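With CSV, C-alpha atoms inside, this is entry08.csv:
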```csv
chain,number,residue,atom,x,y,z
O,1,MET,CA,59.4,204.1,98.0
O,2,LYS,CA,58.5,202.6,94.6
O,3,TYR,CA,61.2,204.9,93.1
O,4,SER,CA,63.9,203.5,95.5
O,5,VAL,CA,63.0,199.9,94.7
O,6,SER,CA,63.2,200.6,90.9
O,7,LEU,CA,66.5,202.3,91.3
O,8,LEU,CA,67.9,199.4,93.3
O,9,ALA,CA,66.7,197.0,90.6
O,10,ILE,CA,68.4,199.0,87.8
O,11,LEU,CA,71.6,199.2,89.7
O,12,SER,CA,71.5,195.4,90.3
O,13,ILE,CA,71.1,194.8,86.6
O,14,VAL,CA,74.0,197.1,85.7
O,15,PHE,CA,76.4,195.6,88.3
O,16,GLY,CA,75.3,192.1,87.3
O,17,LEU,CA,76.1,192.7,83.6
O,18,THR,CA,79.4,194.2,84.6
O,19,PHE,CA,80.3,191.1,86.5
O,20,LEU,CA,79.3,188.8,83.7
O,21,LEU,CA,81.3,190.7,81.2
O,22,ALA,CA,84.4,190.9,83.4
O,23,GLY,CA,84.1,187.6,85.3
O,24,GLY,CA,84.2,185.0,82.6
O,25,THR,CA,80.5,184.1,81.9
O,26,GLU,CA,80.1,184.7,78.2
O,27,VAL,CA,77.3,187.0,77.1
O,28,PRO,CA,75.9,186.2,73.6
O,29,SER,CA,76.5,189.0,71.1
O,30,SER,CA,74.6,189.9,68.0
O,31,PRO,CA,76.1,188.6,64.8
O,32,THR,CA,78.0,191.1,62.8
O,33,ALA,CA,76.3,192.0,59.5
O,34,PRO,CA,78.3,190.9,56.5
O,35,SER,CA,79.9,193.5,54.3
O,36,ALA,CA,77.8,194.7,51.4
O,37,GLN,CA,80.8,194.2,49.1
O,38,SER,CA,82.7,191.2,50.5
O,39,GLY,CA,83.4,189.4,47.2
O,40,ILE,CA,85.3,189.8,43.9
O,41,ALA,CA,84.2,190.5,40.3
O,42,VAL,CA,86.1,189.0,37.4
O,43,ILE,CA,85.0,190.5,34.1
O,44,GLU,CA,85.9,188.6,31.0
O,45,LEU,CA,85.1,190.4,27.7
O,46,PHE,CA,85.2,188.3,24.5
O,47,THR,CA,85.9,190.8,21.7
O,48,SER,CA,87.6,191.3,18.3
O,49,GLN,CA,89.1,194.1,16.4
O,50,GLY,CA,87.3,192.8,13.3
O,51,CYS,CA,83.8,193.3,14.9
O,52,SER,CA,82.1,196.6,14.4
O,53,SER,CA,79.9,196.1,17.4
O,54,CYS,CA,82.8,195.5,19.8
O,55,PRO,CA,84.3,199.1,20.3
O,56,PRO,CA,81.4,200.2,22.6
O,57,ALA,CA,82.1,197.1,24.7
O,58,ASP,CA,85.8,197.8,24.8
O,59,GLN,CA,85.0,201.4,25.9
O,60,LEU,CA,82.7,200.1,28.6
O,61,LEU,CA,85.4,197.8,30.0
O,62,GLN,CA,87.8,200.7,30.1
O,63,SER,CA,85.2,202.7,32.1
O,64,LEU,CA,84.7,199.9,34.5
O,65,VAL,CA,88.4,199.5,35.1
O,66,ARG,CA,88.8,203.3,35.7
O,67,GLN,CA,85.9,203.2,38.2
O,68,ALA,CA,87.3,200.2,40.0
O,69,GLU,CA,90.7,201.9,40.4
O,70,GLU,CA,89.1,205.2,41.6
O,71,GLU,CA,86.9,203.4,44.1
O,72,ASP,CA,89.6,200.7,45.0
O,73,ARG,CA,87.2,197.8,44.4
O,74,PRO,CA,88.3,194.2,43.8
O,75,ILE,CA,87.3,194.1,40.2
O,76,TYR,CA,89.5,192.3,37.7
O,77,ALA,CA,89.1,192.8,34.0
O,78,LEU,CA,90.3,190.6,31.1
O,79,SER,CA,89.9,191.3,27.4
O,80,PHE,CA,90.0,188.0,25.4
O,81,HIS,CA,90.3,188.6,21.7
O,82,VAL,CA,88.7,185.7,19.7
O,83,ASP,CA,89.9,184.5,16.4
O,84,TYR,CA,86.7,183.7,14.5
O,85,TRP,CA,86.5,187.2,13.0
O,86,ASN,CA,90.0,187.0,11.5
O,87,ARG,CA,88.7,185.5,8.2
O,88,LEU,CA,86.7,188.6,7.4
O,89,GLY,CA,89.4,191.0,6.4
O,90,TRP,CA,91.4,191.9,9.5
O,91,GLU,CA,93.5,189.5,11.6
O,92,ASP,CA,93.4,190.7,15.2
O,93,PRO,CA,97.0,190.7,16.5
O,94,PHE,CA,95.8,189.7,20.0
O,95,SER,CA,93.5,186.9,19.0
O,96,ASP,CA,94.0,183.3,20.0
O,97,PRO,CA,92.0,180.2,19.1
O,98,ALA,CA,92.3,179.2,22.8
O,99,PHE,CA,90.2,182.3,23.7
O,100,SER,CA,87.5,181.3,21.3
O,101,ALA,CA,87.6,177.8,22.8
O,102,ARG,CA,87.2,179.3,26.2
O,103,GLN,CA,84.1,181.2,25.1
O,104,ARG,CA,82.6,178.1,23.6
O,105,GLN,CA,83.3,176.3,26.9
O,106,TYR,CA,81.0,178.8,28.7
O,107,ALA,CA,78.3,178.2,26.0
O,108,HIS,CA,78.6,174.5,26.5
O,109,THR,CA,78.5,174.6,30.3
O,110,TRP,CA,75.5,176.9,30.3
O,111,LYS,CA,73.8,174.7,27.6
O,112,ASN,CA,73.6,177.7,25.4
O,113,ALA,CA,74.9,177.2,21.8
O,114,GLN,CA,75.1,180.9,21.1
O,115,VAL,CA,78.6,182.3,20.8
O,116,TYR,CA,78.9,186.0,19.8
O,117,THR,CA,80.9,189.2,20.2
O,118,PRO,CA,81.0,191.3,22.2
O,119,GLN,CA,80.1,189.1,25.2
O,120,MET,CA,80.8,189.9,28.8
O,121,VAL,CA,81.0,187.3,31.5
O,122,VAL,CA,81.1,188.1,35.2
O,123,ASN,CA,82.5,185.5,37.7
O,124,GLY,CA,81.7,182.8,35.2
O,125,ARG,CA,78.0,182.9,36.1
O,126,ARG,CA,76.4,185.4,33.8
O,127,GLY,CA,76.9,186.2,30.1
O,128,PHE,CA,75.4,189.1,28.2
O,129,VAL,CA,76.0,191.6,25.4
O,130,GLY,CA,79.3,193.3,26.4
O,131,SER,CA,78.1,196.8,25.7
O,132,LYS,CA,75.1,196.7,28.1
O,133,GLN,CA,76.2,199.0,30.9
O,134,ALA,CA,73.2,198.4,33.2
O,135,GLN,CA,73.6,194.6,33.0
O,136,ALA,CA,77.3,194.9,33.6
O,137,GLN,CA,76.8,197.0,36.7
O,138,ASP,CA,74.1,194.7,38.1
O,139,ALA,CA,76.3,191.6,37.6
O,140,ILE,CA,79.3,193.3,39.2
O,141,GLN,CA,77.3,194.4,42.2
O,142,ALA,CA,75.9,190.9,42.6
O,143,ALA,CA,79.4,189.5,42.4
O,144,LEU,CA,80.8,191.9,45.0
O,145,ALA,CA,78.0,191.2,47.4
O,146,THR,CA,78.7,187.4,47.4
O,147,ASP,CA,81.5,186.2,49.7
O,148,ALA,CA,84.5,184.9,47.9
O,149,ALA,CA,85.1,181.3,48.7
O,150,ALA,CA,88.8,181.3,47.8
O,151,SER,CA,91.8,183.5,47.9
O,152,VAL,CA,95.1,183.4,46.0
O,153,VAL,CA,98.6,184.4,47.0
O,154,VAL,CA,101.4,184.6,44.4
O,155,GLN,CA,105.1,185.4,44.4
O,156,LEU,CA,106.6,186.5,41.1
O,157,SER,CA,110.2,186.3,40.0
O,158,THR,CA,111.9,186.6,36.6
O,159,GLU,CA,114.6,184.7,34.7
O,160,LYS,CA,115.5,186.2,31.3
O,161,ASP,CA,112.1,186.3,29.4
O,162,VAL,CA,110.4,183.9,31.8
O,163,LEU,CA,108.0,184.8,34.6
O,164,ASN,CA,108.0,182.4,37.5
O,165,VAL,CA,104.8,182.2,39.5
O,166,ALA,CA,104.7,180.5,42.9
O,167,TYR,CA,101.0,180.2,44.0
O,168,GLU,CA,99.0,179.1,47.0
O,169,VAL,CA,95.2,178.9,47.1
O,170,HIS,CA,93.1,178.9,50.2
O,171,SER,CA,89.6,177.6,49.5
O,172,SER,CA,86.6,176.6,51.5
O,173,LYS,CA,85.2,174.5,48.7
O,174,HIS,CA,86.4,171.0,48.0
O,175,GLN,CA,85.3,170.2,44.5
O,176,SER,CA,87.6,170.2,41.5
O,177,GLN,CA,89.1,173.6,40.9
O,178,LEU,CA,91.2,175.4,38.3
O,179,LEU,CA,93.7,178.2,38.8
O,180,GLN,CA,93.5,180.6,35.8
O,181,LEU,CA,96.6,182.8,35.2
O,182,ALA,CA,96.4,185.7,32.8
O,183,VAL,CA,99.1,188.1,31.9
O,184,VAL,CA,97.3,191.2,30.7
O,185,GLU,CA,98.6,194.4,29.0
O,186,GLU,CA,96.9,197.3,30.6
O,187,ALA,CA,96.5,199.7,27.6
O,188,VAL,CA,96.7,199.0,23.8
O,189,ALA,CA,96.0,201.1,20.8
O,190,THR,CA,95.8,199.5,17.3
O,191,PRO,CA,95.2,201.3,13.9
O,192,VAL,CA,92.9,198.9,12.0
O,193,ARG,CA,93.4,199.0,8.2
O,194,ARG,CA,90.9,196.5,6.9
O,195,GLY,CA,87.6,194.8,7.9
O,196,GLU,CA,84.6,196.3,9.6
O,197,ASN,CA,86.6,198.8,11.7
O,198,ALA,CA,88.9,199.9,8.8
O,199,GLY,CA,90.3,203.4,9.4
O,200,ARG,CA,89.7,203.4,13.1
O,201,THR,CA,92.3,203.3,15.9
O,202,LEU,CA,90.9,201.0,18.6
O,203,GLN,CA,91.6,201.3,22.3
O,204,HIS,CA,91.7,198.2,24.5
O,205,THR,CA,92.4,197.6,28.2
O,206,HIS,CA,93.7,194.5,30.0
O,207,VAL,CA,94.3,192.6,26.9
O,208,VAL,CA,95.1,189.0,27.6
O,209,ARG,CA,98.6,188.2,26.2
O,210,HIS,CA,99.2,184.9,28.0
O,211,PHE,CA,96.7,182.5,29.5
O,212,ILE,CA,97.3,179.3,31.4
O,213,THR,CA,94.9,176.9,33.1
O,214,GLN,CA,96.3,174.9,36.0
O,215,PRO,CA,94.2,172.2,37.6
O,216,LEU,CA,94.7,172.4,41.4
O,217,ASP,CA,95.7,169.3,43.3
O,218,GLU,CA,95.1,168.6,47.0
O,219,SER,CA,98.1,170.8,48.1
O,220,LEU,CA,96.5,173.9,46.4
O,221,LYS,CA,99.9,175.2,45.6
O,222,GLY,CA,102.7,175.0,43.1
O,223,GLN,CA,104.8,176.8,40.5
O,224,ILE,CA,104.3,177.8,36.9
O,225,ARG,CA,106.7,179.3,34.3
O,226,ILE,CA,105.3,181.7,31.7
O,227,LYS,CA,107.4,182.6,28.7
O,228,LEU,CA,106.6,186.3,28.0
O,229,ALA,CA,106.3,187.8,24.6
O,230,PRO,CA,109.2,190.0,23.6
O,231,ASP,CA,106.9,192.9,22.7
O,232,LEU,CA,105.1,192.9,26.1
O,233,PRO,CA,105.8,196.2,28.0
O,234,ARG,CA,106.5,194.9,31.5
O,235,GLU,CA,105.8,198.2,33.1
O,236,LYS,CA,102.2,198.1,31.7
O,237,ALA,CA,101.4,194.5,32.5
O,238,GLN,CA,100.0,192.6,35.4
O,239,LEU,CA,99.2,189.0,36.4
O,240,ILE,CA,95.6,188.2,37.2
O,241,ALA,CA,95.1,184.9,39.0
O,242,TYR,CA,91.6,183.5,39.7
O,243,VAL,CA,90.1,180.3,41.0
O,244,GLN,CA,87.4,178.7,38.9
O,245,GLU,CA,85.3,175.6,39.6
O,246,ALA,CA,85.9,173.0,37.0
O,247,ALA,CA,82.4,171.9,36.5
O,248,SER,CA,80.3,175.0,36.8
O,249,LEU,CA,83.0,177.5,35.7
O,250,GLU,CA,82.0,179.7,38.6
O,251,ILE,CA,84.8,182.0,39.7
O,252,ILE,CA,85.3,182.1,43.5
O,253,GLY,CA,88.4,184.0,44.2
O,254,ALA,CA,90.9,186.4,42.4
O,255,MET,CA,93.9,188.7,42.8
O,256,ALA,CA,96.2,190.8,40.7
O,257,LYS,CA,99.8,191.8,40.9
O,258,PRO,CA,102.0,194.0,38.6
O,259,LEU,CA,104.7,192.3,36.7
O,260,PRO,CA,108.3,193.2,37.5
O,261,SER,CA,109.1,196.2,35.2
O,262,GLU,CA,112.5,194.8,34.1
O,263,LEU,CA,113.8,191.4,33.3
O,264,PRO,CA,117.5,190.5,33.5
```
How does the structure come out when it is put into structure tokens?
Amino acid sequence: MKYSVSLLAILSIVFGLTFLLAGGTEVPSSPTAPSAQSGIAVIELFTSQGCSSCPPADQLLQSLVRQAEEEDRPIYALSFHVDYWNRLGWEDPFSDPAFSARQRQYAHTWKNAQVYTPQMVVNGRRGFVGSKQAQAQDAIQAALATDAAASVVVQLSTEKDVLNVAYEVHSSKHQSQLLQLAVVEEAVATPVRRGENAGRTLQHTHVVRHFITQPLDESLKGQIRIKLAPDLPREKAQLIAYVQEAASLEIIGAMAKPLPSELP
């Protein structure tokens, strides 16, 4: 008799749940666990062909790019060549004073006066010696595990030697933000004839050839024209766009898109 009562009770519970699920009374569900890798990682390497300590960092960046491509992870690499090594015997052909200024901006924001090469910065939050693989992996994993607060959509078109970029940003944050647009050359080899790396052929990846900072207005969309260098191989270049908070310099969203291989 106890067995019959228990069976009836179980059946009542089962039919009751079925009715609730089908009949309109909402049954609370358990929250879905967030993805372990729901974010993005933007790696900025400040380097120079005139610095003998930089080639190991350049090689590490190449390794990180290959790994990201193999594993299809949202990792975006940029190699910024600074100009303050140029006075020591070799002028880096990819160096730009604006890239040195960008590095100093990080030091100022973090209240750290130290500026050096090679330096790697991940998502604008952490800076460390650019050849330190363990620190790089830790910073990348932390970045990927943090939800991206913004996303970027771009449409690219060309007009002679000009790249037209139409952009739209979707962001859950409301403080002042910047859209960073970088045209990068995916692979570069340079024979160095003077300076600390004299006699070596240096390999670089995702070398920044053009860099534009666009403050975002309330519409979070707009258009930018980028005049491309004549020697930039279009088939080996891409546009990396990322959203950065103006005050903290934290990077909160990013995307990449290949450049059109031919320009009219």
Check which residues of stretch 18-128 of chain O sit at most 10 Å from stretch 185-195 of chain O using only C-alpha atoms, and return one row each with the closest pair of atoms and their distance in Å to one decimal, ordered by chain and rising number, as JSON lines.
```
{"residue": "O:Gln49", "atom": "CA", "partner": "O:Val192", "partner_atom": "CA", "distance": 7.5}
{"residue": "O:Gly50", "atom": "CA", "partner": "O:Gly195", "partner_atom": "CA", "distance": 5.8}
{"residue": "O:Cys51", "atom": "CA", "partner": "O:Gly195", "partner_atom": "CA", "distance": 8.1}
{"residue": "O:Ser52", "atom": "CA", "partner": "O:Gly195", "partner_atom": "CA", "distance": 8.7}
{"residue": "O:Gln62", "atom": "CA", "partner": "O:Ala187", "partner_atom": "CA", "distance": 9.1}
{"residue": "O:Val65", "atom": "CA", "partner": "O:Glu186", "partner_atom": "CA", "distance": 9.9}
{"residue": "O:Ala77", "atom": "CA", "partner": "O:Glu186", "partner_atom": "CA", "distance": 9.6}
{"residue": "O:Leu78", "atom": "CA", "partner": "O:Glu185", "partner_atom": "CA", "distance": 9.4}
{"residue": "O:Ser79", "atom": "CA", "partner": "O:Glu185", "partner_atom": "CA", "distance": 9.4}
{"residue": "O:Trp85", "atom": "CA", "partner": "O:Gly195", "partner_atom": "CA", "distance": 9.2}
{"residue": "O:Asn86", "atom": "CA", "partner": "O:Gly195", "partner_atom": "CA", "distance": 8.9}
{"residue": "O:Arg87", "atom": "CA", "partner": "O:Gly195", "partner_atom": "CA", "distance": 9.4}
{"residue": "O:Leu88", "atom": "CA", "partner": "O:Gly195", "partner_atom": "CA", "distance": 6.3}
{"residue": "O:Gly89", "atom": "CA", "partner": "O:Gly195", "partner_atom": "CA", "distance": 4.5}
{"residue": "O:Trp90", "atom": "CA", "partner": "O:Gly195", "partner_atom": "CA", "distance": 5.0}
{"residue": "O:Glu91", "atom": "CA", "partner": "O:Gly195", "partner_atom": "CA", "distance": 8.8}
{"residue": "O:Asp92", "atom": "CA", "partner": "O:Val192", "partner_atom": "CA", "distance": 8.8}
{"residue": "O:Pro93", "atom": "CA", "partner": "O:Thr190", "partner_atom": "CA", "distance": 8.9}
```
Store the residues picked out above in a file with C-alpha atoms, as a PDB file, keeping the file's coordinate frame.
```pdb
ATOM      1  CA  GLN O  49      89.100 194.100  16.400  1.00  0.00           C
ATOM      2  CA  GLY O  50      87.300 192.800  13.300  1.00  0.00           C
ATOM      3  CA  CYS O  51      83.800 193.300  14.900  1.00  0.00           C
ATOM      4  CA  SER O  52      82.100 196.600  14.400  1.00  0.00           C
ATOM      5  CA  GLN O  62      87.800 200.700  30.100  1.00  0.00           C
ATOM      6  CA  VAL O  65      88.400 199.500  35.100  1.00  0.00           C
ATOM      7  CA  ALA O  77      89.100 192.800  34.000  1.00  0.00           C
ATOM      8  CA  LEU O  78      90.300 190.600  31.100  1.00  0.00           C
ATOM      9  CA  SER O  79      89.900 191.300  27.400  1.00  0.00           C
ATOM     10  CA  TRP O  85      86.500 187.200  13.000  1.00  0.00           C
ATOM     11  CA  ASN O  86      90.000 187.000  11.500  1.00  0.00           C
ATOM     12  CA  ARG O  87      88.700 185.500   8.200  1.00  0.00           C
ATOM     13  CA  LEU O  88      86.700 188.600   7.400  1.00  0.00           C
ATOM     14  CA  GLY O  89      89.400 191.000   6.400  1.00  0.00           C
ATOM     15  CA  TRP O  90      91.400 191.900   9.500  1.00  0.00           C
ATOM     16  CA  GLU O  91      93.500 189.500  11.600  1.00  0.00           C
ATOM     17  CA  ASP O  92      93.400 190.700  15.200  1.00  0.00           C
ATOM     18  CA  PRO O  93      97.000 190.700  16.500  1.00  0.00           C
TER      19      PRO O  93
END
```
Among listed residues O:Gln105, O:Thr213, O:Asn164, O:Thr146, nearest O:Ala247 (using all atoms listed in the file): O:Gln105
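Nearest-residue note for O:Arg73: choosing from O:Val152, O:Ser38, O:Glu245, O:His174, the minimum distance belongs to O:Ser38, counting only C-alpha atoms.
Comparing O:Ile224, O:Leu61, O:Ala134, O:Ala139 by their smallest distance to O:Leu45, the closest is O:Leu61 (using all atoms listed in the file).
With all atoms listed in the file as the atoms that count, the minimum distance from O:Ala41 to the choices O:Leu249, O:Leu202, O:Ala166, O:Ala145 is reached by O:Ala145.
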d(atom CA of O:Ile252, atom CA of O:Gln203) in Å: 29.3 Å
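Atom to atom, atom CA of O:Arg234 and atom CA of O:Phe211 stand 15.9 Å apart.
If you measure from each of O:Ala256, O:Leu163, O:Val121, O:Val169 to O:His210 using all atoms listed in the file, the closest one turns out to be O:Leu163.
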Spatial neighbours of O:Tyr167, max dist 6 Å, all atoms listed in the file, sep filter under 4 positions, as an MDAnalysis selection string: chainID O and resid 153:154 221:222
